[in-house]
file input27.txt (compact mmCIF, C-alpha atoms and all ligand atoms)
# COMPACT_ATOMS: atom_id res chain seq x y z
CA MET A 8 0.00 0.00 0.00
CA ALA A 9 2.38 2.35 -0.05
CA GLN A 10 1.99 5.32 -2.16
CA THR A 11 -1.30 4.51 -3.70
CA SER A 12 -0.56 1.84 -3.00
CA SER A 13 -0.84 -0.10 -0.46
CA THR A 14 -4.02 -1.48 0.30
CA GLY A 15 -8.54 -4.26 -2.63
CA ALA A 16 -12.79 -5.43 -2.99
CA GLN A 17 -16.56 -5.70 -1.80
CA GLY A 18 -17.91 -8.29 0.53
CA GLN A 19 -21.54 -8.09 1.29
CA GLY A 20 -23.54 -6.25 -1.21
CA GLY A 21 -21.34 -7.63 -3.90
CA GLY A 22 -17.61 -7.42 -3.49
CA VAL A 23 -14.92 -7.72 -6.05
CA GLN A 24 -13.78 -10.96 -4.50
CA ALA A 25 -17.31 -12.31 -4.39
CA ILE A 26 -17.67 -12.30 -8.14
CA ARG A 27 -14.71 -14.51 -8.80
CA SER A 28 -16.66 -17.70 -9.14
CA ARG A 29 -18.95 -16.43 -11.89
CA VAL A 30 -18.55 -18.08 -15.26
CA GLY A 31 -19.13 -16.82 -18.76
CA SER A 32 -18.10 -13.42 -20.09
CA ASP A 33 -21.64 -12.00 -20.03
CA THR A 34 -22.06 -12.90 -16.41
CA ARG A 35 -18.53 -11.75 -15.74
CA ASP A 36 -19.05 -8.36 -17.36
CA THR A 37 -22.40 -7.87 -15.64
CA ALA A 38 -20.74 -8.60 -12.32
CA ILE A 39 -17.84 -6.24 -13.02
CA ARG A 40 -20.28 -3.54 -14.13
CA SER A 41 -22.17 -3.87 -10.88
CA GLN A 42 -18.97 -3.81 -8.87
CA TYR A 43 -17.72 -0.80 -10.75
CA LYS A 44 -20.80 1.17 -9.78
CA ALA A 45 -20.58 0.06 -6.15
CA VAL A 46 -16.91 0.98 -5.69
CA ARG A 47 -17.17 4.30 -7.51
CA SER A 48 -20.27 5.24 -5.53
CA ALA A 49 -18.49 4.39 -2.28
CA THR A 50 -15.71 6.85 -3.14
CA SER A 51 -18.25 9.55 -3.92
CA ALA A 52 -20.04 8.89 -0.62
CA LEU A 53 -16.82 9.28 1.38
CA ALA A 54 -16.17 12.66 -0.24
CA ALA A 55 -19.77 13.88 -0.26
CA GLY A 56 -19.59 15.89 2.96
CA ILE A 57 -16.20 17.45 2.26
CA SER A 58 -16.12 20.98 0.86
CA ALA A 59 -14.09 21.98 -2.19
CA GLU A 60 -11.69 23.87 0.11
CA ASP A 61 -11.16 20.87 2.39
CA GLN A 62 -10.59 18.67 -0.67
CA MET A 63 -7.59 20.84 -1.62
CA VAL A 64 -5.58 20.21 1.56
CA GLN A 65 -2.33 18.19 1.56
CA SER A 66 -1.09 18.47 5.15
CA CYS A 67 1.89 16.09 5.23
CA PRO A 68 4.30 14.59 2.68
CA GLU A 69 2.54 11.21 2.73
CA ALA A 70 -0.91 12.64 2.03
CA SER A 71 -2.77 13.74 -1.09
CA PRO A 72 -5.79 16.01 -1.38
CA MET A 73 -9.18 14.29 -1.55
CA LYS A 74 -9.86 16.01 -4.88
CA TRP A 75 -6.67 14.47 -6.27
CA HIS A 76 -7.71 11.01 -5.01
CA GLN A 77 -11.01 11.40 -6.88
CA ALA A 78 -9.23 12.44 -10.06
CA HIS A 79 -6.34 9.95 -9.90
CA THR A 80 -8.60 6.91 -9.39
CA THR A 81 -10.54 8.06 -12.47
CA TRP A 82 -7.30 8.58 -14.40
CA PHE A 83 -6.43 4.92 -13.70
CA PHE A 84 -9.51 3.66 -15.60
CA GLU A 85 -9.06 6.18 -18.43
CA THR A 86 -5.35 5.38 -18.84
CA PHE A 87 -5.30 1.62 -18.41
CA VAL A 88 -8.77 0.58 -19.68
CA LEU A 89 -10.60 3.17 -21.78
CA ARG A 90 -7.77 4.57 -23.90
CA PRO A 91 -6.34 1.15 -24.89
CA PHE A 92 -9.56 -0.87 -25.06
CA PHE A 93 -12.46 1.46 -26.02
CA ARG A 94 -12.00 2.38 -29.67
CA ASP A 95 -14.51 5.22 -29.70
CA TYR A 96 -13.44 6.73 -26.39
CA LYS A 97 -12.85 10.50 -26.32
CA PRO A 98 -10.62 11.56 -23.39
CA PHE A 99 -12.18 14.15 -21.09
CA ARG A 100 -9.14 16.45 -21.19
CA GLU A 101 -5.91 15.40 -22.92
CA GLU A 102 -3.65 16.97 -20.24
CA PHE A 103 -5.22 14.82 -17.53
CA ARG A 104 -3.18 11.97 -19.02
CA TRP A 105 -0.07 13.24 -17.22
CA LEU A 106 -1.59 15.59 -14.66
CA PHE A 107 -3.09 12.80 -12.53
CA ASN A 108 -0.34 10.21 -13.06
CA SER A 109 1.01 9.28 -9.60
CA TYR A 110 4.27 7.48 -10.29
CA TYR A 111 4.13 5.43 -13.55
CA ASN A 112 7.36 6.50 -15.26
CA SER A 113 6.86 3.92 -18.03
CA LEU A 114 4.05 6.03 -19.45
CA GLY A 115 6.82 8.35 -20.60
CA GLU A 116 5.32 11.71 -19.75
CA GLU A 117 5.82 14.43 -17.15
CA ILE A 118 4.58 13.52 -13.67
CA PRO A 119 3.85 16.48 -11.35
CA GLU A 120 5.72 16.46 -8.02
CA LYS A 121 3.63 14.81 -5.32
CA SER A 122 4.16 17.79 -3.03
CA LEU A 123 2.42 20.01 -5.60
CA ARG A 124 -0.91 18.19 -5.56
CA SER A 125 -2.32 20.80 -3.20
CA ALA A 126 -1.51 23.41 -5.85
CA PHE A 127 -4.11 21.94 -8.19
CA SER A 128 -6.67 24.70 -7.74
CA ARG A 129 -7.36 23.95 -11.39
CA PRO A 130 -9.08 21.84 -12.48
CA SER A 131 -11.90 22.75 -10.12
CA LEU A 132 -13.70 20.16 -8.03
CA ASP A 133 -16.63 20.49 -10.42
CA ASP A 134 -14.31 19.64 -13.33
CA VAL A 135 -12.96 16.62 -11.45
CA LEU A 136 -16.49 15.41 -10.73
CA ALA A 137 -17.35 15.90 -14.41
CA PHE A 138 -14.22 13.84 -15.28
CA ARG A 139 -15.47 11.09 -12.98
CA ALA A 140 -18.90 11.14 -14.63
CA HIS A 141 -17.34 11.08 -18.13
CA VAL A 142 -15.16 8.07 -17.35
CA ASP A 143 -18.02 6.30 -15.55
CA GLN A 144 -20.16 6.70 -18.66
CA GLY A 145 -17.36 5.33 -20.85
CA MET A 146 -16.72 2.38 -18.53
CA ASP A 147 -20.42 1.55 -18.44
CA ARG A 148 -20.63 1.56 -22.24
CA LEU A 149 -17.49 -0.54 -22.54
CA LEU A 150 -18.61 -3.09 -19.95
CA ALA A 151 -22.10 -3.24 -21.48
CA SER A 152 -20.60 -4.05 -24.87
CA GLY A 153 -18.39 -6.80 -23.51
CA VAL A 154 -14.67 -6.67 -22.73
CA ASP A 155 -11.79 -9.01 -23.41
CA GLU A 156 -9.89 -10.75 -20.65
CA GLU A 157 -7.13 -8.17 -20.27
CA ALA A 158 -9.61 -5.29 -20.04
CA ALA A 159 -11.56 -7.27 -17.43
CA ARG A 160 -8.40 -7.87 -15.40
CA ARG A 161 -7.42 -4.21 -15.55
CA THR A 162 -10.90 -3.10 -14.54
CA VAL A 163 -10.82 -5.34 -11.48
CA LEU A 164 -7.35 -4.02 -10.65
CA GLY A 165 -8.70 -0.48 -11.02
CA LEU A 166 -11.49 -1.23 -8.56
CA ASN A 167 -9.06 -2.60 -6.03
CA HIS A 168 -6.82 0.41 -6.63
CA GLU A 169 -9.76 2.71 -5.95
CA GLN A 170 -10.50 0.92 -2.69
CA GLN A 171 -6.92 1.54 -1.62
CA HIS A 172 -7.47 5.21 -2.31
CA GLN A 173 -10.68 5.17 -0.27
CA GLU A 174 -8.57 4.23 2.74
CA LEU A 175 -5.93 6.77 1.84
CA ALA A 176 -8.52 9.54 1.37
CA LEU A 177 -9.82 9.03 4.93
CA THR A 178 -6.31 8.70 6.31
CA ASP A 179 -5.34 11.95 4.61
CA ILE A 180 -8.43 13.95 5.57
CA LYS A 181 -7.85 12.93 9.20
CA HIS A 182 -4.39 14.47 9.07
CA ALA A 183 -5.75 17.51 7.24
CA PHE A 184 -8.36 18.15 9.92
CA PHE A 185 -5.82 17.51 12.69
CA SER A 186 -3.53 20.09 11.09
CA ASN A 187 -6.31 22.69 10.85
CA PRO A 188 -6.29 24.90 13.99
CA LEU A 189 -10.08 24.57 14.14
CA HIS A 190 -9.80 20.75 14.22
CA PRO A 191 -13.00 19.99 12.32
CA THR A 192 -14.56 16.54 12.58
CA TYR A 193 -15.18 14.24 9.64
CA ILE A 194 -18.19 12.67 11.33
CA ALA A 195 -19.99 13.34 14.62
CA GLY A 196 -20.30 11.03 17.60
CA PRO A 197 -17.93 9.22 19.98
CA PRO A 198 -15.60 6.52 18.62
CA SER A 199 -16.78 4.02 21.23
CA GLU A 200 -19.72 3.56 23.57
CA GLU A 201 -19.23 4.73 27.14
CA ASN A 202 -20.66 1.50 28.50
CA ASP A 203 -18.52 -0.77 26.38
CA PRO A 204 -17.09 -3.67 28.42
CA PRO A 205 -13.32 -3.62 29.04
CA ALA A 206 -11.02 -5.20 26.48
CA SER A 207 -10.26 -8.91 26.60
CA LYS A 208 -7.51 -9.86 29.01
CA LEU A 209 -4.19 -10.26 27.26
CA SER A 210 -3.35 -13.92 26.62
CA TRP A 211 -0.83 -15.88 24.59
CA HIS A 212 -1.65 -18.51 21.99
CA SER A 213 0.82 -21.14 20.80
CA PHE A 214 1.31 -22.37 17.24
CA ASN A 215 3.41 -25.34 16.16
CA GLY A 216 4.90 -23.72 13.10
CA GLY A 217 6.60 -26.18 10.78
CA LEU A 218 6.46 -26.12 7.00
CA ILE A 219 3.53 -23.96 5.92
CA GLU A 220 2.44 -22.18 2.73
CA ILE A 221 1.83 -18.44 2.45
CA GLY A 222 0.79 -16.22 -0.43
CA TYR A 223 -2.38 -16.10 -2.52
CA PRO A 224 -3.31 -19.29 -4.47
CA LEU A 225 -4.13 -17.37 -7.64
CA GLN A 226 -6.22 -19.12 -10.32
CA THR A 227 -4.55 -17.48 -13.28
CA ALA A 228 -7.16 -18.68 -15.78
CA ASP A 229 -9.89 -16.69 -14.00
CA PRO A 230 -9.60 -12.91 -14.59
CA LEU A 231 -11.83 -12.30 -11.59
CA ASP A 232 -9.66 -14.21 -9.15
CA PHE A 233 -7.88 -11.14 -7.81
CA CYS A 234 -4.90 -10.44 -5.63
CA PHE A 235 -2.06 -7.96 -5.97
CA ASP A 236 1.07 -9.25 -7.67
CA ASN A 237 3.09 -8.92 -4.46
CA GLU A 238 0.93 -11.64 -2.80
CA THR A 239 2.25 -14.24 -5.24
CA PRO A 240 3.56 -16.82 -5.79
CA ARG A 241 2.27 -18.98 -2.97
CA HIS A 242 5.29 -20.72 -1.47
CA LYS A 243 6.56 -22.75 1.45
CA VAL A 244 8.00 -21.19 4.61
CA TYR A 245 9.40 -22.95 7.66
CA LEU A 246 8.36 -21.55 11.04
CA GLU A 247 9.74 -22.39 14.45
CA PRO A 248 7.04 -22.84 17.10
CA PHE A 249 5.79 -19.38 18.15
CA GLN A 250 3.30 -17.59 20.34
CA ILE A 251 1.12 -14.61 19.51
CA THR A 252 -1.20 -12.46 21.62
CA ASN A 253 -4.96 -12.75 21.46
CA ARG A 254 -5.43 -9.06 20.64
CA LYS A 255 -3.67 -5.83 19.77
CA VAL A 256 -1.84 -3.63 22.30
CA THR A 257 -4.21 -1.15 23.93
CA CYS A 258 -3.85 2.55 24.76
CA ARG A 259 -3.76 1.54 28.45
CA GLU A 260 -0.75 -0.71 27.84
CA TYR A 261 0.95 1.90 25.69
CA LEU A 262 0.56 4.48 28.46
CA GLU A 263 2.51 2.13 30.76
CA PHE A 264 5.30 2.10 28.18
CA MET A 265 5.24 5.92 28.06
CA SER A 266 5.12 6.19 31.86
CA ASP A 267 8.24 4.04 32.10
CA ASP A 268 10.08 6.80 30.21
CA ALA A 269 10.53 4.48 27.26
CA TYR A 270 10.79 7.43 24.86
CA THR A 271 13.99 8.50 26.66
CA ARG A 272 15.60 5.08 27.11
CA PRO A 273 17.79 4.09 24.14
CA GLU A 274 18.01 0.43 25.16
CA PHE A 275 14.59 -0.23 23.61
CA TRP A 276 15.17 1.48 20.28
CA LEU A 277 16.66 0.53 16.95
CA SER A 278 19.35 3.06 16.04
CA GLU A 279 17.37 4.50 13.13
CA GLY A 280 14.28 4.59 15.30
CA TRP A 281 16.05 6.45 18.10
CA ASP A 282 17.35 9.01 15.62
CA ASN A 283 13.92 9.47 14.07
CA MET A 284 12.27 9.76 17.46
CA LYS A 285 14.75 12.38 18.71
CA ARG A 286 14.66 14.36 15.48
CA ALA A 287 10.85 14.41 15.29
CA GLY A 288 10.34 14.86 19.04
CA TRP A 289 8.02 11.88 19.41
CA GLN A 290 6.68 11.50 22.96
CA ALA A 291 3.45 9.67 22.17
CA PRO A 292 1.55 8.30 19.16
CA LEU A 293 0.66 10.75 16.40
CA TYR A 294 -2.63 12.51 17.19
CA TRP A 295 -2.04 12.37 20.98
CA ARG A 296 -1.76 15.75 22.72
CA ARG A 297 -1.22 16.58 26.38
CA ASP A 298 -4.46 17.44 28.17
CA ALA A 299 -4.43 18.22 31.88
CA GLY A 300 -8.21 17.88 31.87
CA ASP A 301 -8.09 14.15 31.17
CA LYS A 302 -7.02 11.80 33.94
CA THR A 303 -4.47 10.16 31.65
CA GLY A 304 -2.98 13.57 30.81
CA TRP A 305 -3.68 12.98 27.12
CA ARG A 306 -6.34 13.43 24.48
CA VAL A 307 -6.44 11.96 20.99
CA PHE A 308 -7.70 13.33 17.68
CA THR A 309 -9.99 11.00 15.69
CA LEU A 310 -12.17 11.30 12.59
CA ARG A 311 -14.82 12.01 15.21
CA GLY A 312 -12.85 14.88 16.78
CA TRP A 313 -10.94 15.06 20.09
CA HIS A 314 -11.54 12.55 22.87
CA GLY A 315 -9.83 11.99 26.21
CA VAL A 316 -7.59 8.92 26.13
CA SER A 317 -9.28 7.84 29.38
CA ALA A 318 -12.40 7.04 27.30
CA LEU A 319 -10.36 4.91 24.88
CA LEU A 320 -8.02 3.03 27.21
CA ASP A 321 -9.14 -0.40 26.03
CA THR A 322 -8.99 0.42 22.35
CA PRO A 323 -5.91 -0.50 20.30
CA VAL A 324 -3.16 2.10 20.25
CA CYS A 325 -2.95 3.50 16.73
CA HIS A 326 -0.76 5.76 14.58
CA VAL A 327 2.56 4.48 15.84
CA SER A 328 5.63 3.92 13.67
CA PHE A 329 7.35 0.57 13.18
CA PHE A 330 10.10 1.90 15.43
CA GLU A 331 7.65 2.60 18.28
CA ALA A 332 5.98 -0.79 17.79
CA ASP A 333 9.36 -2.50 17.89
CA ALA A 334 10.46 -0.50 20.96
CA PHE A 335 7.22 -1.39 22.76
CA ALA A 336 7.84 -5.07 22.08
CA ARG A 337 11.45 -4.87 23.31
CA TRP A 338 10.37 -2.96 26.43
CA GLY A 339 8.18 -5.91 27.36
CA GLY A 340 10.80 -8.50 26.41
CA ARG A 341 8.77 -9.59 23.38
CA ARG A 342 8.95 -9.05 19.60
CA LEU A 343 6.74 -8.32 16.62
CA PRO A 344 5.46 -11.27 14.57
CA THR A 345 6.95 -11.99 11.17
CA GLU A 346 4.55 -11.70 8.25
CA ALA A 347 4.64 -15.49 7.77
CA GLU A 348 3.67 -16.03 11.42
CA TRP A 349 0.88 -13.46 11.02
CA GLU A 350 -0.46 -15.15 7.86
CA CYS A 351 -0.24 -18.58 9.50
CA VAL A 352 -2.63 -17.28 12.20
CA GLY A 353 -4.69 -14.93 10.02
CA SER A 354 -5.46 -17.62 7.42
CA GLN A 355 -7.28 -19.63 10.10
CA THR A 356 -10.02 -17.04 10.62
CA PRO A 357 -12.49 -15.25 8.30
CA PRO A 358 -11.41 -11.71 7.30
CA ARG A 359 -14.01 -9.93 9.40
CA GLY A 360 -13.65 -7.16 11.96
CA ASN A 361 -13.91 -3.44 12.56
CA LEU A 362 -13.37 -2.43 8.92
CA LEU A 363 -14.63 0.62 7.00
CA ASP A 364 -18.08 -0.89 6.54
CA THR A 365 -18.79 -0.73 10.30
CA GLY A 366 -18.67 3.07 10.10
CA THR A 367 -16.85 3.45 13.44
CA LEU A 368 -13.77 4.97 11.73
CA HIS A 369 -11.66 4.29 14.84
CA PRO A 370 -10.25 1.15 16.47
CA THR A 371 -12.51 -0.48 19.04
CA ALA A 372 -11.78 -2.74 22.01
CA ALA A 373 -11.36 -6.50 21.66
CA ARG A 374 -14.37 -8.35 22.94
CA GLY A 375 -13.31 -11.91 23.70
CA GLY A 376 -12.63 -15.10 21.81
CA ASP A 377 -9.38 -16.73 20.96
CA VAL A 378 -7.04 -14.83 18.68
CA GLU A 379 -9.09 -11.80 17.61
CA GLN A 380 -8.78 -8.37 16.02
CA LEU A 381 -6.66 -9.83 13.23
CA PHE A 382 -8.68 -7.91 10.64
CA GLY A 383 -9.63 -4.27 10.99
CA ASP A 384 -9.12 -1.67 13.74
CA CYS A 385 -5.53 -0.86 12.74
CA TRP A 386 -2.87 -2.49 10.59
CA GLU A 387 -0.30 -4.52 12.50
CA TRP A 388 3.39 -3.84 11.95
CA THR A 389 5.39 -7.00 11.36
CA ALA A 390 9.10 -7.68 11.77
CA SER A 391 9.36 -8.47 8.03
CA ALA A 392 10.89 -6.23 5.40
CA TYR A 393 8.95 -5.76 2.16
CA THR A 394 10.57 -7.88 -0.54
CA GLY A 395 9.31 -10.03 -3.39
CA TYR A 396 8.32 -13.60 -2.67
CA PRO A 397 10.49 -16.32 -4.27
CA GLY A 398 9.67 -16.26 -7.99
CA TYR A 399 7.85 -12.90 -7.77
CA GLN A 400 7.00 -11.37 -11.14
CA PRO A 401 5.56 -7.86 -11.44
CA LEU A 402 2.65 -7.26 -13.82
CA PRO A 403 3.73 -6.67 -17.45
CA GLY A 404 4.11 -3.15 -18.82
CA ALA A 405 3.56 0.09 -16.92
CA LEU A 406 1.38 -1.69 -14.35
CA GLY A 407 4.53 -3.49 -13.23
CA GLU A 408 5.33 -0.25 -11.40
CA TYR A 409 2.28 -0.74 -9.15
CA ASN A 410 4.03 -2.63 -6.35
CA GLY A 411 7.42 -4.06 -7.24
CA LYS A 412 9.42 -0.86 -7.42
CA PHE A 413 8.72 -0.10 -3.77
CA MET A 414 10.51 -3.19 -2.49
CA SER A 415 13.22 -1.40 -0.52
CA GLY A 416 13.26 0.35 2.83
CA GLN A 417 9.71 -0.59 3.82
CA MET A 418 8.17 -2.90 6.41
CA ILE A 419 5.14 -5.18 5.99
CA LEU A 420 1.84 -4.55 7.76
CA ARG A 421 -1.05 -7.01 7.90
CA GLY A 422 -4.78 -7.16 8.61
CA GLY A 423 -6.40 -3.91 7.46
CA SER A 424 -7.86 -1.09 9.51
CA CYS A 425 -11.10 0.66 10.42
CA VAL A 426 -10.81 2.58 7.13
CA THR A 427 -10.14 -0.47 4.90
CA PRO A 428 -13.17 -1.58 2.82
CA ALA A 429 -14.29 -4.99 4.14
CA SER A 430 -14.11 -6.71 0.75
CA HIS A 431 -10.59 -5.41 0.20
CA ILE A 432 -8.77 -7.35 2.90
CA ARG A 433 -7.66 -10.97 3.09
CA ALA A 434 -5.12 -13.03 5.04
CA THR A 435 -2.53 -12.85 2.25
CA TYR A 436 -2.74 -9.04 1.85
CA ARG A 437 0.61 -7.26 2.16
CA ASN A 438 0.61 -3.58 3.06
CA PHE A 439 3.92 -1.75 3.31
CA PHE A 440 5.23 1.55 4.61
CA PRO A 441 8.58 3.09 5.56
CA PRO A 442 9.30 2.32 9.24
CA ALA A 443 9.04 5.92 10.47
CA THR A 444 5.55 6.43 8.96
CA ARG A 445 2.79 7.25 11.48
CA TRP A 446 -0.03 8.97 9.57
CA HIS A 447 -1.74 5.71 8.62
CA PHE A 448 -3.83 3.56 11.00
CA ALA A 449 -1.15 1.21 12.36
CA GLY A 450 -0.79 -0.52 15.71
CA ILE A 451 0.91 -3.42 17.49
CA ARG A 452 0.46 -7.14 18.16
CA LEU A 453 3.12 -9.03 20.09
CA ALA A 454 4.79 -12.36 19.41
CA ASN A 455 7.14 -14.56 21.32
FE FE B 1 -2.84 5.16 -7.05
call {"tool": "encode", "arguments": {"input": "input27.txt", "output": "C-alpha cells"}}
result
Amino acid sequence: MAQTSSTGAQGQGGGVQAIRSRVGSDTRDTAIRSQYKAVRSATSALAAGISAEDQMVQSCPEASPMKWHQAHTTWFFETFVLRPFFRDYKPFREEFRWLFNSYYNSLGEEIPEKSLRSAFSRPSLDDVLAFRAHVDQGMDRLLASGVDEEAARRTVLGLNHEQQHQELALTDIKHAFFSNPLHPTYIAGPPSEENDPPASKLSWHSFNGGLIEIGYPLQTADPLDFCFDNETPRHKVYLEPFQITNRKVTCREYLEFMSDDAYTRPEFWLSEGWDNMKRAGWQAPLYWRRDAGDKTGWRVFTLRGWHGVSALLDTPVCHVSFFEADAFARWGGRRLPTEAEWECVGSQTPPRGNLLDTGTLHPTAARGGDVEQLFGDCWEWTASAYTGYPGYQPLPGALGEYNGKFMSGQMILRGGSCVTPASHIRATYRNFFPPATRWHFAGIRLAN
C-alpha cells in the first residue's frame, strides 16, 4: 500500500472478490459492471460531505488532497482501460493523461511532483467530478458491450486500486483536519460507547509452526480471481514454534510504556528509530496531545474529533511507527510477529472485523474469543521487510510499477484497519510503509 498503493474489494452487497466464481463473459461483465458502480459510488459517498476547500488540503508529505484522489482513481480507468480498449473513447481532457499520473514512469510523460498536488486549484472540483462522470459513462458503455480478458483484469485491478485510495482519502483527511487549527470533525459522535465492556484480558496462543504455505493461491485462468502481484507466488516457509497475543496492544498498555520513560531510554530502540524519534520529538503516538483535563494527561484526535484517552483506554493504540511498535515489544521482552507467522494465524479465521463498513472509523476494544482483532481496527506492523516472494514477477508493462518498485526500505503490515473496505482485505494481503511512517492507521500485536 504504499503510495497509492498499499491497500482491494466488496464483501456483502457484492464485493470484487465475491464475483470470482462467476462463469461466462456475459455474467462476468455484468458482475464487473455492478462492482464498478458500487466501488465508484463508495468513493463519492466518502467525499460527499467534504467541501471543495477541504478537498484541496495536503497536510503532510505522505498525504494527497481528496480532490486528487477522486481524479487519480478516475485517471487509472481512463489510462489503463478506456484509452487502450475502447475504440470510440474520447478523453475528457488530454492533459489529464499526465496531470493525474502518480508514479508510472513507463508512461513516458511528465509527472507532477507529489508535493504540488495541493496546488491543483485547477481543475476545479466540479471539473474533477465531471471527469469522474465522463469516465463512468465510458466504462459503463465498454462493460455493457463486452470486454476481453485483459480489459476485465485491468478493470478489477482499477477497482481494487480505488479501494486503496478510499482508505488513503480518509487517512489523509484525518491528518488535514488535525492540522487545521479549528480541528474539524469528519463525522460526529464518539468513537466508542461509554458503556462498552473492558477489552479482553491479554493472553498468549501457541502455534506449532513447521512447513507452511503463504501467499495467494491465484487461479490465473480466471480474470476475476484477484490479488495484488506482491501476494504471489504462494510458497513454502518454515516456522519455528511461536506464540502470539490474542489481541492488539491497547492505549492503556501503551501508556505504561510511556510512563516508564521508554521514549527516553535508548536500550529499547533501533538506532534509526532512536534518531527518528529524537529528530521528530516523538513522545506519544501521532494525534495524541497533552491534556491536563483528562485523567491520563492525554487526548487523541480522531475522525470524530478530540476525545480523552481515558475514554479509549481499552482500544488498540494506533498511529505508531514501526520503530515505536518494535520499541514497545522490546520494552516488554517480546517481539513483533513476522509476516509469515501473522499469515499462519490470520489464514485460520475469516477476514471480518472493525473495517470501513462498520462506520466506526476508529479502532474499538477487543471483545473476547481466541485470537481476535486480526482484521480491521488498525494495521499490524510486522518484523518483516517488504521484498518479493520467491519467484515474484511484477505485472507486465507500466502496471509493473504498481508494487514491485517499492521493495526497498519498507516494512510489511497485515490485517487492514477501520478505514479499509471490508471486501478489500484478506489473510494474504501485504501492506507496506517506511518504518518511520505514522499517519496511517497502524498498531501493534506481540509475538514470542
Ligand atoms: Fe494510485
call {"tool": "residues_near_ligand", "arguments": {"input": "input27.txt", "ligand": "ligand FE 1 (chain B)", "cutoff": "12 Å", "atoms": "only C-alpha atoms and all ligand atoms", "output": "PyMOL selection string"}}
result
chain A and resi 8-15+70-71+75-84+107-111+121+164-176+406+408-410
call {"tool": "atom_distance", "arguments": {"input": "input27.txt", "atom1": "atom CA of Arg35 of chain A", "atom2": "atom CA of Val88 of chain A"}}
result
16.2 Å
call {"tool": "atom_distance", "arguments": {"input": "input27.txt", "atom1": "atom CA of Pro397 of chain A", "atom2": "atom CA of Thr435 of chain A"}}
result
15.0 Å
call {"tool": "residues_around", "arguments": {"input": "input27.txt", "residues": "Ala206 of chain A", "least_positions_apart": "5", "cutoff": "7 Å", "atoms": "only C-alpha atoms", "output": "PyMOL selection string"}}
result
chain A and resi 321+372-374
call {"tool": "atom_distance", "arguments": {"input": "input27.txt", "atom1": "atom CA of Lys243 of chain A", "atom2": "atom CA of His431 of chain A"}}
result
24.4 Å
call {"tool": "closest_residue", "arguments": {"input": "input27.txt", "among": "A:Ala434, A:Pro72, A:Phe138, A:Trp281", "to": "Arg104 of chain A", "atoms": "all atoms listed in the file"}}
result
A:Phe138
call {"tool": "closest_atom_pairs", "arguments": {"input": "input27.txt", "of": "segment 123-231 of chain A", "to": "segment 287-295 of chain A", "cutoff": "10 Å", "atoms": "all atoms listed in the file", "output": "CSV"}}
result
residue,atom,partner,partner_atom,distance
A:Lys181,CA,A:Tyr294,CA,9.6
A:His182,CA,A:Tyr294,CA,8.5
A:Phe185,CA,A:Tyr294,CA,7.4
A:Ser186,CA,A:Tyr294,CA,9.8
call {"tool": "closest_residue", "arguments": {"input": "input27.txt", "among": "A:Gly304, A:Pro91, A:Gln65, A:Trp349", "to": "Ile219 of chain A", "atoms": "only C-alpha atoms"}}
result
A:Trp349
call {"tool": "closest_residue", "arguments": {"input": "input27.txt", "among": "A:Gly416, A:Gly300, A:Gly423, A:Pro428", "to": "Val46 of chain A", "atoms": "all atoms listed in the file"}}
result
A:Pro428
call {"tool": "residues_around", "arguments": {"input": "input27.txt", "residues": "Leu277 of chain A", "least_positions_apart": "6", "cutoff": "8 Å", "atoms": "all atoms listed in the file", "output": "ChimeraX atom specification"}}
result
/A:330,333-334
call {"tool": "closest_residue", "arguments": {"input": "input27.txt", "among": "A:Phe413, A:Phe440, A:Tyr96, A:Tyr245", "to": "Glu387 of chain A", "atoms": "all atoms listed in the file"}}
result
A:Phe440
call {"tool": "decode", "arguments": {"input": "input27.txt", "residues": "segment 302-313 of chain A", "atoms": "N, CA and C atoms", "output": "PDB file, in the first residue's frame"}}
result
ATOM      1  N   LYS A 302      -7.775  12.438  32.859  1.00  0.00           N
ATOM      2  CA  LYS A 302      -7.021  11.803  33.941  1.00  0.00           C
ATOM      3  C   LYS A 302      -5.776  11.061  33.457  1.00  0.00           C
ATOM      4  N   THR A 303      -5.701  10.757  32.175  1.00  0.00           N
ATOM      5  CA  THR A 303      -4.472  10.159  31.646  1.00  0.00           C
ATOM      6  C   THR A 303      -3.437  11.223  31.303  1.00  0.00           C
ATOM      7  N   GLY A 304      -3.876  12.493  31.241  1.00  0.00           N
ATOM      8  CA  GLY A 304      -2.984  13.565  30.805  1.00  0.00           C
ATOM      9  C   GLY A 304      -2.914  13.710  29.295  1.00  0.00           C
ATOM     10  N   TRP A 305      -3.744  12.974  28.584  1.00  0.00           N
ATOM     11  CA  TRP A 305      -3.679  12.982  27.124  1.00  0.00           C
ATOM     12  C   TRP A 305      -5.080  12.978  26.509  1.00  0.00           C
ATOM     13  N   ARG A 306      -5.168  13.571  25.323  1.00  0.00           N
ATOM     14  CA  ARG A 306      -6.344  13.433  24.479  1.00  0.00           C
ATOM     15  C   ARG A 306      -5.878  12.996  23.103  1.00  0.00           C
ATOM     16  N   VAL A 307      -6.808  12.484  22.311  1.00  0.00           N
ATOM     17  CA  VAL A 307      -6.439  11.958  20.991  1.00  0.00           C
ATOM     18  C   VAL A 307      -7.422  12.471  19.945  1.00  0.00           C
ATOM     19  N   PHE A 308      -6.855  12.854  18.771  1.00  0.00           N
ATOM     20  CA  PHE A 308      -7.698  13.330  17.677  1.00  0.00           C
ATOM     21  C   PHE A 308      -8.137  12.148  16.817  1.00  0.00           C
ATOM     22  N   THR A 309      -9.424  12.073  16.510  1.00  0.00           N
ATOM     23  CA  THR A 309      -9.985  11.003  15.693  1.00  0.00           C
ATOM     24  C   THR A 309     -10.784  11.629  14.550  1.00  0.00           C
ATOM     25  N   LEU A 310     -11.279  10.785  13.633  1.00  0.00           N
ATOM     26  CA  LEU A 310     -12.169  11.295  12.590  1.00  0.00           C
ATOM     27  C   LEU A 310     -13.477  11.809  13.190  1.00  0.00           C
ATOM     28  N   ARG A 311     -13.657  11.507  14.474  1.00  0.00           N
ATOM     29  CA  ARG A 311     -14.816  12.010  15.209  1.00  0.00           C
ATOM     30  C   ARG A 311     -14.399  13.088  16.209  1.00  0.00           C
ATOM     31  N   GLY A 312     -13.296  13.769  15.941  1.00  0.00           N
ATOM     32  CA  GLY A 312     -12.849  14.875  16.784  1.00  0.00           C
ATOM     33  C   GLY A 312     -12.001  14.420  17.957  1.00  0.00           C
ATOM     34  N   TRP A 313     -11.787  15.346  18.930  1.00  0.00           N
ATOM     35  CA  TRP A 313     -10.944  15.060  20.094  1.00  0.00           C
ATOM     36  C   TRP A 313     -11.693  14.238  21.147  1.00  0.00           C
TER      37      TRP A 313
END
